[in-house]
Amino acid sequence: MEEKIEHFSTLPDYLLTMSQATRVLGFKDYRVMEVMCEGGFIKPLKVAGSKRLRFRYQDVMKLATPIPHSTKRKKSRTQKI
């Protein structure tokens with residue numbers, strides 16, 4: 001299990017892996033981040049000595065927007081999970 005990440009304003013230089021950035025944004029598949037990079041929505045960083053991409057926590061949080069309370073779907077009791 002991964003460590004809990006503090007609020008992004010306290011960690012201006014914190015880097016997220018592709019999987020972490022995907023989860024922060026609420027997606028299940030990391031390939032969404034690849035599409036966002038190709039579309040120019042977020043700029044990935046390359047760390048020296050590594051082939052994997054990283055993302056600034058601040059940049060990821062700028063993409064994240066809260067869902068208004070009125071638009072959240074409520075689970076009905078008859079809905080199967």
# chains A, B, ... in the order shown; residues from 1 in each chain; ligands from 1
$ residues_around --residues "range 48-62 of chain A" --least-positions-apart "6" --cutoff "9 Å" --atoms "only C-alpha atoms" --output "list in words"
Phe8, Ser9, Leu11, Pro12, Asp13, Tyr14, Leu15, Leu16, Thr17, Met18, Ala21, Thr22, Val24, Leu25 and Ile42 of chain A
$ write_last_selection --atoms "C-alpha atoms" --output "PDB file, in the first residue's frame"
ATOM      1  CA  PHE A   8      -0.529  19.622  -2.865  1.00  0.00           C
ATOM      2  CA  SER A   9       0.032  23.197  -1.668  1.00  0.00           C
ATOM      3  CA  LEU A  11       4.474  19.924  -1.628  1.00  0.00           C
ATOM      4  CA  PRO A  12       5.242  22.249  -4.557  1.00  0.00           C
ATOM      5  CA  ASP A  13       7.998  20.044  -6.030  1.00  0.00           C
ATOM      6  CA  TYR A  14       6.487  16.609  -5.341  1.00  0.00           C
ATOM      7  CA  LEU A  15       6.473  14.300  -8.371  1.00  0.00           C
ATOM      8  CA  LEU A  16       3.807  11.682  -9.038  1.00  0.00           C
ATOM      9  CA  THR A  17       4.181   8.512 -11.058  1.00  0.00           C
ATOM     10  CA  MET A  18       1.820   7.929 -13.939  1.00  0.00           C
ATOM     11  CA  ALA A  21      -1.512  10.866 -11.246  1.00  0.00           C
ATOM     12  CA  THR A  22      -4.139   8.623 -12.814  1.00  0.00           C
ATOM     13  CA  VAL A  24      -5.593  11.435  -8.261  1.00  0.00           C
ATOM     14  CA  LEU A  25      -7.635  12.382 -11.323  1.00  0.00           C
ATOM     15  CA  ILE A  42      -0.243  18.227 -18.960  1.00  0.00           C
TER      16      ILE A  42
END
